[in-house]
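*Asks:* As input, take input-v9.txt (compact mmCIF, C-alpha atoms):
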```txt
# COMPACT_ATOMS: atom_id res chain seq x y z
CA MET A 894 -8.37 -30.52 29.38
CA THR A 895 -8.17 -26.77 28.70
CA THR A 896 -8.36 -24.36 31.58
CA THR A 897 -9.13 -20.67 31.45
CA PRO A 898 -6.77 -18.50 33.48
CA ALA A 899 -8.33 -16.70 36.43
CA PRO A 900 -9.10 -13.00 35.91
CA GLY A 901 -5.97 -10.92 36.31
CA MET A 902 -3.67 -13.86 35.54
CA PRO A 903 -1.42 -13.66 32.46
CA ARG A 904 -2.52 -15.54 29.34
CA PRO A 905 -0.32 -16.68 26.47
CA ALA A 906 -0.26 -14.19 23.60
CA ALA A 907 -2.80 -15.14 20.93
CA ASP A 908 -5.03 -13.44 18.38
CA ASP A 909 -8.04 -13.36 20.75
CA LEU A 910 -5.98 -11.82 23.58
CA PHE A 911 -4.48 -9.22 21.26
CA ARG A 912 -7.90 -8.20 19.90
CA SER A 913 -9.44 -8.18 23.37
CA VAL A 914 -6.77 -5.83 24.72
CA PHE A 915 -6.98 -3.40 21.79
CA ARG A 916 -10.80 -3.26 21.99
CA ARG A 917 -10.21 -1.63 25.38
CA HIS A 918 -7.84 0.95 23.87
CA ALA A 919 -9.72 4.04 22.64
CA ALA A 920 -8.26 5.40 19.41
CA GLY A 921 -8.88 8.40 17.22
CA VAL A 922 -10.41 7.70 13.82
CA ALA A 923 -8.77 8.77 10.59
CA VAL A 924 -9.36 8.07 6.92
CA ILE A 925 -6.29 7.55 4.75
CA THR A 926 -6.61 8.33 1.03
CA ALA A 927 -4.42 7.92 -2.03
CA ARG A 928 -4.74 8.44 -5.73
CA GLY A 929 -4.86 5.01 -7.33
CA GLU A 930 -4.41 3.77 -10.87
CA ASN A 931 -8.18 3.13 -11.05
CA GLY A 932 -9.27 6.24 -9.14
CA PRO A 933 -9.21 7.31 -5.51
CA ALA A 934 -8.71 4.75 -2.75
CA GLY A 935 -9.09 5.02 0.99
CA PHE A 936 -9.70 3.24 4.28
CA THR A 937 -10.53 3.92 7.92
CA ALA A 938 -7.53 3.73 10.26
CA THR A 939 -7.12 3.82 14.02
CA SER A 940 -3.36 3.24 13.87
CA LEU A 941 -2.42 6.85 13.08
CA ALA A 942 0.51 8.16 15.13
CA SER A 943 2.71 11.22 15.28
CA VAL A 944 6.32 10.16 14.74
CA SER A 945 8.44 13.31 14.56
CA ALA A 946 8.02 17.08 14.79
CA ASP A 947 11.21 17.90 12.88
CA PRO A 948 10.60 16.98 10.18
CA PRO A 949 6.84 16.58 10.72
CA MET A 950 6.23 12.88 10.20
CA LEU A 951 3.38 10.45 10.87
CA SER A 952 2.73 6.74 10.56
CA PHE A 953 -0.22 4.41 10.01
CA GLY A 954 -0.74 0.73 9.33
CA VAL A 955 -2.44 -0.76 6.28
CA GLY A 956 -3.24 -4.41 5.59
CA THR A 957 -1.56 -5.81 2.50
CA GLY A 958 -4.76 -7.71 1.70
CA SER A 959 -6.93 -4.59 1.74
CA SER A 960 -8.43 -3.13 -1.43
CA SER A 961 -6.60 0.16 -0.70
CA TRP A 962 -3.14 -1.39 -0.39
CA PRO A 963 -2.26 -1.30 -4.13
CA ALA A 964 -2.93 2.46 -4.27
CA VAL A 965 -1.05 3.14 -1.01
CA ALA A 966 1.81 0.87 -2.15
CA ALA A 967 2.28 2.90 -5.35
CA ALA A 968 1.46 6.40 -4.05
CA GLY A 969 4.07 9.08 -3.63
CA HIS A 970 1.69 11.02 -1.35
CA VAL A 971 -1.22 10.10 0.94
CA GLY A 972 -4.01 12.05 2.60
CA VAL A 973 -4.71 11.74 6.32
CA HIS A 974 -8.09 12.96 7.59
CA ILE A 975 -9.04 13.32 11.26
CA LEU A 976 -12.76 12.57 11.54
CA GLY A 977 -15.22 14.39 13.78
CA GLU A 978 -17.92 12.80 15.94
CA HIS A 979 -20.45 13.85 13.28
CA GLN A 980 -18.76 11.51 10.76
CA ARG A 981 -19.59 8.03 12.05
CA GLU A 982 -21.21 7.05 8.75
CA LEU A 983 -18.18 8.27 6.78
CA ALA A 984 -15.92 6.18 9.03
CA ALA A 985 -18.18 3.16 8.52
CA THR A 986 -18.23 3.65 4.74
CA PHE A 987 -14.43 3.72 4.51
CA ALA A 988 -14.23 0.65 6.78
CA ARG A 989 -16.76 -1.43 4.80
CA ARG A 990 -15.51 -3.90 2.20
CA GLY A 991 -16.93 -3.34 -1.26
CA ALA A 992 -18.37 0.12 -0.45
CA ASP A 993 -18.28 2.93 -3.02
CA ARG A 994 -16.21 5.03 -0.67
CA PHE A 995 -15.93 8.09 -2.91
CA GLY A 996 -19.48 8.03 -4.29
CA PRO A 997 -22.36 10.06 -2.83
CA PRO A 998 -22.77 11.10 -0.08
CA THR A 999 -18.97 11.35 0.37
CA ALA A 1000 -17.84 14.91 -0.41
CA TRP A 1001 -14.26 15.21 -1.58
CA ARG A 1002 -11.97 17.06 -3.96
CA GLU A 1003 -8.55 16.63 -5.51
CA GLY A 1004 -6.09 18.25 -3.13
CA PRO A 1005 -2.38 18.98 -3.12
CA GLU A 1006 -0.19 16.45 -4.94
CA GLY A 1007 -3.39 15.01 -6.52
CA VAL A 1008 -4.41 13.37 -3.22
CA PRO A 1009 -8.16 12.96 -2.56
CA VAL A 1010 -9.11 15.34 0.30
CA LEU A 1011 -12.35 14.75 2.20
CA ASP A 1012 -14.62 17.69 3.01
CA GLY A 1013 -15.96 18.45 6.49
CA VAL A 1014 -13.19 16.76 8.51
CA LEU A 1015 -11.63 18.21 11.66
CA ALA A 1016 -8.21 18.35 10.05
CA TRP A 1017 -6.33 16.90 7.10
CA LEU A 1018 -2.73 16.43 6.06
CA VAL A 1019 -0.97 15.39 2.89
CA GLY A 1020 2.22 13.47 3.43
CA ARG A 1021 5.04 12.36 1.15
CA VAL A 1022 5.58 8.64 1.66
CA VAL A 1023 9.14 8.01 2.83
CA ALA A 1024 8.92 4.33 3.84
CA ARG A 1025 6.67 1.27 3.87
CA VAL A 1026 7.92 -1.05 6.61
CA PRO A 1027 6.81 -4.73 6.64
CA ALA A 1028 4.95 -5.61 9.85
CA GLY A 1029 3.24 -9.01 9.74
CA ASP A 1030 0.24 -8.89 7.40
CA HIS A 1031 0.47 -5.07 7.32
CA ARG A 1032 2.84 -2.34 6.28
CA VAL A 1033 3.62 0.63 8.50
CA VAL A 1034 3.69 3.67 6.26
CA LEU A 1035 5.84 6.65 7.25
CA ALA A 1036 4.98 9.97 5.62
CA GLU A 1037 6.50 13.43 5.92
CA VAL A 1038 3.78 16.08 6.15
CA VAL A 1039 3.91 18.64 3.31
CA HIS A 1040 0.42 20.25 3.34
CA GLY A 1041 -2.63 20.40 5.59
CA ASP A 1042 -5.39 22.29 7.35
CA SER A 1043 -6.49 22.04 10.99
CA ALA A 1044 -9.42 24.49 10.88
CA GLY A 1045 -12.38 22.05 10.84
CA PRO A 1046 -14.96 22.50 13.61
CA GLY A 1047 -16.06 19.89 16.12
CA ARG A 1048 -14.75 17.16 18.36
CA PRO A 1049 -12.93 13.96 17.37
CA LEU A 1050 -14.53 10.63 16.59
CA LEU A 1051 -13.18 7.69 18.62
CA TYR A 1052 -13.16 3.92 18.16
CA HIS A 1053 -13.64 1.85 21.32
CA GLN A 1054 -15.04 -1.61 22.12
CA GLY A 1055 -15.65 -2.30 18.42
CA ARG A 1056 -17.73 0.80 17.70
CA PHE A 1057 -17.44 4.47 16.83
CA THR A 1058 -18.10 6.75 19.78
CA GLU A 1059 -17.40 10.24 21.05
CA LEU A 1060 -15.65 11.96 23.93
CA ARG A 1061 -17.58 12.47 27.13
CA ASP A 1062 -16.97 15.40 29.46
```
As structure tokens - that is how I would like this structure written.

*Replies:*
Amino acid sequence: MTTTPAPGMPRPAADDLFRSVFRRHAAGVAVITARGENGPAGFTATSLASVSADPPMLSFGVGTGSSSWPAVAAAGHVGVHILGEHQRELAATFARRGADRFGPPTAWREGPEGVPVLDGVLAWLVGRVVARVPAGDHRVVLAEVVHGDSAGPGRPLLYHQGRFTELRD
């Protein structure tokens, strides 16, 4: 007989508990890009974090089974794009398996270090990859920021309870 713990009682760690907890954690939405052997690659990430101010360094996680992993695994530099609340469809496109992520209507250009840079984002950075740390079925990528722009207008896009949403005042 299996019993369900009462609300507020601890449960053993399991995949469903882990996912349930992180659905309650609101996260900013970013798109990570890299120049790949077969063209540009990219994916939506909510794992972006600031790591260090001196030198300026960030981190993000990427699944080793994702279609973007081979490009990120080989890239010397990656692009990090902070999405605005007006970019839900862009976030969904980069999260969808099999999508033509860089085809119309995605607007992008080749940026510093040959990294694909998305147009219309709140901010973007290009980072030099300094480490790819194994973490379960993912790798945590550490990158030192070498270029960027924070001048995009708008408010950030968030991911919460399994959907893209926006800040409320």

*Asks:* Fewer than 2 positions away in the same chain doesn't count, so skip those; otherwise give me all residues within 7 Å of A:Val1033, counting only C-alpha atoms, as an MDAnalysis selection string.

*Replies:* chainID A and resid 952:955 1025:1028 1031 1035

*Asks:* Which residue gives the smallest distance to A:Asp1012 among A:Gly1055, A:Pro948, A:Gly969, A:Pro1046, with all atoms listed in the file counted?

*Replies:*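 Among the listed residues, A:Pro1046 lies closest to A:Asp1012.
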
*Asks:* Choose the residue, out of A:Asp1030, A:Val922, A:Pro997, A:Gly972, that has the smallest atom-to-atom separation from A:Ser959; count all atoms listed in the file.

*Replies:* A:Asp1030

*Asks:* My list of candidates is A:Leu1015, A:Ala919, A:Ile925, A:Ala1036. Which is closest to A:Trp962 when distances are computed with all atoms listed in the file?

*Replies:*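 Looking at the shortest contact to A:Trp962, the residue is A:Ile925.
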
*Asks:* May I ask which of the residues A:Val1034, A:Val924, A:Val965, A:Ala988 is the closest one to A:Val1014, counting all atoms listed in the file?

*Replies:*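 Counting all atoms listed in the file, the residue closest to A:Val1014 is A:Val924.
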
*Asks:* Could you tell me how far atom CA of A:His979 sits from atom CA of A:Val1039, in Å to one decimal place?

*Replies:*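 These atoms are spaced 26.8 Å apart.
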
*Asks:* Record the distance separating atom CA of A:Glu1006 and atom CA of A:Gly1029, expressed in Å with one decimal.

*Replies:*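 Value for the atom CA of A:Glu1006-atom CA of A:Gly1029 distance: 29.6 Å.
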
*Asks:* Between atom CA of A:Val914 and atom CA of A:Leu941, what is the distance, to one decimal in Å?

*Replies:*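 Atom-to-atom, atom CA of A:Val914 to atom CA of A:Leu941, that is 17.8 Å.
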
*Asks:* Which neighbours of A:Leu1050 fall inside 8 Å, counting only C-alpha atoms, when residues of the same chain fewer than 3 positions from it are skipped, and could you give them as an mmCIF file with C-alpha atoms, in the coordinates of the input?

*Replies:*
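Final output, selection28.cif:
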```
data_model
loop_
_atom_site.group_PDB
_atom_site.id
_atom_site.type_symbol
_atom_site.label_atom_id
_atom_site.label_comp_id
_atom_site.auth_asym_id
_atom_site.auth_seq_id
_atom_site.Cartn_x
_atom_site.Cartn_y
_atom_site.Cartn_z
ATOM 1 C CA GLY A 921 -8.880 8.400 17.220
ATOM 2 C CA VAL A 922 -10.410 7.700 13.820
ATOM 3 C CA LEU A 976 -12.760 12.570 11.540
ATOM 4 C CA GLY A 977 -15.220 14.390 13.780
ATOM 5 C CA GLU A 978 -17.920 12.800 15.940
ATOM 6 C CA HIS A 979 -20.450 13.850 13.280
ATOM 7 C CA GLN A 980 -18.760 11.510 10.760
ATOM 8 C CA ARG A 981 -19.590 8.030 12.050
ATOM 9 C CA PHE A 1057 -17.440 4.470 16.830
ATOM 10 C CA THR A 1058 -18.100 6.750 19.780
ATOM 11 C CA GLU A 1059 -17.400 10.240 21.050
ATOM 12 C CA LEU A 1060 -15.650 11.960 23.930
#
```

*Asks:* Would you mind telling me which residue in A:Ser943, A:Thr957, A:Thr926, A:Thr937 lies nearest to A:Glu982 when using only C-alpha atoms?

*Replies:*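 Once distances to A:Glu982 are computed over only C-alpha atoms, the minimum belongs to A:Thr937.
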
*Asks:* Rank A:Glu930, A:Asp1062, A:Asp1042, A:Asp908 by their smallest atom-to-atom distance to A:Gly1013, using only C-alpha atoms, and report the top residue only.

*Replies:*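 Among the listed residues, the smallest separation from A:Gly1013 belongs to A:Asp1042.
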
*Asks:* Around (-7.3, -1.7, 21.5) in the file's own coordinates, what residues are found within 10 Å if you use all atoms listed in the file, given back as a list in words?

*Replies:*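 Returned residue set, sorted by chain then number, is Phe911, Arg912, Ser913, Val914, Phe915, Arg916, Arg917, His918, Ala919, Ala920, Thr939, Ser940, Tyr1052, His1053, Gln1054 and Gly1055 of chain A.
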
*Asks:* Where's the centre, and what are the edge lengths in Å to one decimal, of a box along x, y and z enclosing all listed atoms of stretch 934-950 of chain A padded 8 Å per side, as AutoDock Vina command-line options?

*Replies:*
```
--center_x 0.3 --center_y 10.6 --center_z 6.3 --size_x 37.7 --size_y 30.7 --size_z 34.0
```

*Asks:* Which residues, written as a CSV table (one decimal) with C-alpha atoms, keeping the file's coordinate frame, have at least one atom at most 12 Å from stretch 991-996 of chain A, with all atoms listed in the file counted and residues fewer than 4 positions away on the same chain left out?

*Replies:*
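To be explicit, this is the file written out as around29.csv:
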```
chain,number,residue,atom,x,y,z
A,924,VAL,CA,-9.4,8.1,6.9
A,925,ILE,CA,-6.3,7.6,4.8
A,926,THR,CA,-6.6,8.3,1.0
A,927,ALA,CA,-4.4,7.9,-2.0
A,928,ARG,CA,-4.7,8.4,-5.7
A,932,GLY,CA,-9.3,6.2,-9.1
A,933,PRO,CA,-9.2,7.3,-5.5
A,934,ALA,CA,-8.7,4.8,-2.8
A,935,GLY,CA,-9.1,5.0,1.0
A,936,PHE,CA,-9.7,3.2,4.3
A,937,THR,CA,-10.5,3.9,7.9
A,959,SER,CA,-6.9,-4.6,1.7
A,960,SER,CA,-8.4,-3.1,-1.4
A,961,SER,CA,-6.6,0.2,-0.7
A,982,GLU,CA,-21.2,7.0,8.8
A,983,LEU,CA,-18.2,8.3,6.8
A,984,ALA,CA,-15.9,6.2,9.0
A,985,ALA,CA,-18.2,3.2,8.5
A,986,THR,CA,-18.2,3.6,4.7
A,987,PHE,CA,-14.4,3.7,4.5
A,1000,ALA,CA,-17.8,14.9,-0.4
A,1001,TRP,CA,-14.3,15.2,-1.6
A,1002,ARG,CA,-12.0,17.1,-4.0
A,1003,GLU,CA,-8.6,16.6,-5.5
A,1009,PRO,CA,-8.2,13.0,-2.6
A,1010,VAL,CA,-9.1,15.3,0.3
A,1011,LEU,CA,-12.4,14.8,2.2
A,1012,ASP,CA,-14.6,17.7,3.0
```

*Asks:* Working from the structure I just supplied, which lacks atoms in stretch 939-953 of chain A, can you model N, CA, C and O atoms there and output them as a JSON list (two decimals), keeping the file's coordinate frame?

*Replies:*
```json
[["chain", "number", "residue", "atom", "x", "y", "z"],
["A", 939, "THR", "N", -7.25, 3.40, 12.63],
["A", 939, "THR", "CA", -7.12, 3.82, 14.02],
["A", 939, "THR", "C", -5.67, 3.72, 14.47],
["A", 939, "THR", "O", -5.38, 3.91, 15.65],
["A", 940, "SER", "N", -4.78, 3.43, 13.54],
["A", 940, "SER", "CA", -3.36, 3.24, 13.87],
["A", 940, "SER", "C", -2.53, 4.48, 13.63],
["A", 940, "SER", "O", -1.30, 4.41, 13.68],
["A", 941, "LEU", "N", -3.15, 5.61, 13.37],
["A", 941, "LEU", "CA", -2.42, 6.85, 13.08],
["A", 941, "LEU", "C", -1.60, 7.28, 14.30],
["A", 941, "LEU", "O", -2.10, 7.28, 15.42],
["A", 942, "ALA", "N", -0.36, 7.68, 14.04],
["A", 942, "ALA", "CA", 0.51, 8.16, 15.13],
["A", 942, "ALA", "C", 1.42, 9.26, 14.63],
["A", 942, "ALA", "O", 1.87, 9.25, 13.49],
["A", 943, "SER", "N", 1.70, 10.20, 15.52],
["A", 943, "SER", "CA", 2.71, 11.22, 15.28],
["A", 943, "SER", "C", 4.06, 10.57, 15.52],
["A", 943, "SER", "O", 4.25, 9.88, 16.53],
["A", 944, "VAL", "N", 5.01, 10.79, 14.62],
["A", 944, "VAL", "CA", 6.32, 10.16, 14.74],
["A", 944, "VAL", "C", 7.41, 11.17, 15.08],
["A", 944, "VAL", "O", 8.25, 10.93, 15.92],
["A", 945, "SER", "N", 7.37, 12.33, 14.41],
["A", 945, "SER", "CA", 8.44, 13.31, 14.56],
["A", 945, "SER", "C", 7.88, 14.71, 14.32],
["A", 945, "SER", "O", 7.00, 14.89, 13.48],
["A", 946, "ALA", "N", 8.40, 15.69, 15.03],
["A", 946, "ALA", "CA", 8.02, 17.08, 14.79],
["A", 946, "ALA", "C", 8.98, 17.77, 13.82],
["A", 946, "ALA", "O", 8.62, 18.72, 13.16],
["A", 947, "ASP", "N", 10.22, 17.28, 13.75],
["A", 947, "ASP", "CA", 11.21, 17.90, 12.88],
["A", 947, "ASP", "C", 12.04, 16.83, 12.20],
["A", 947, "ASP", "O", 12.97, 16.29, 12.82],
["A", 948, "PRO", "N", 11.69, 16.43, 10.98],
["A", 948, "PRO", "CA", 10.60, 16.98, 10.18],
["A", 948, "PRO", "C", 9.26, 16.41, 10.65],
["A", 948, "PRO", "O", 9.21, 15.36, 11.29],
["A", 949, "PRO", "N", 8.15, 17.10, 10.32],
["A", 949, "PRO", "CA", 6.84, 16.58, 10.72],
["A", 949, "PRO", "C", 6.54, 15.27, 10.00],
["A", 949, "PRO", "O", 6.51, 15.23, 8.77],
["A", 950, "MET", "N", 6.39, 14.21, 10.78],
["A", 950, "MET", "CA", 6.23, 12.88, 10.20],
["A", 950, "MET", "C", 5.18, 12.12, 10.98],
["A", 950, "MET", "O", 5.06, 12.26, 12.19],
["A", 951, "LEU", "N", 4.42, 11.29, 10.26],
["A", 951, "LEU", "CA", 3.38, 10.45, 10.87],
["A", 951, "LEU", "C", 3.52, 9.03, 10.36],
["A", 951, "LEU", "O", 4.26, 8.76, 9.42],
["A", 952, "SER", "N", 2.76, 8.13, 11.01],
["A", 952, "SER", "CA", 2.73, 6.74, 10.56],
["A", 952, "SER", "C", 1.31, 6.20, 10.68],
["A", 952, "SER", "O", 0.49, 6.72, 11.45],
["A", 953, "PHE", "N", 1.03, 5.16, 9.91],
["A", 953, "PHE", "CA", -0.22, 4.41, 10.01],
["A", 953, "PHE", "C", 0.03, 3.02, 9.45],
["A", 953, "PHE", "O", 0.97, 2.79, 8.70]]
```
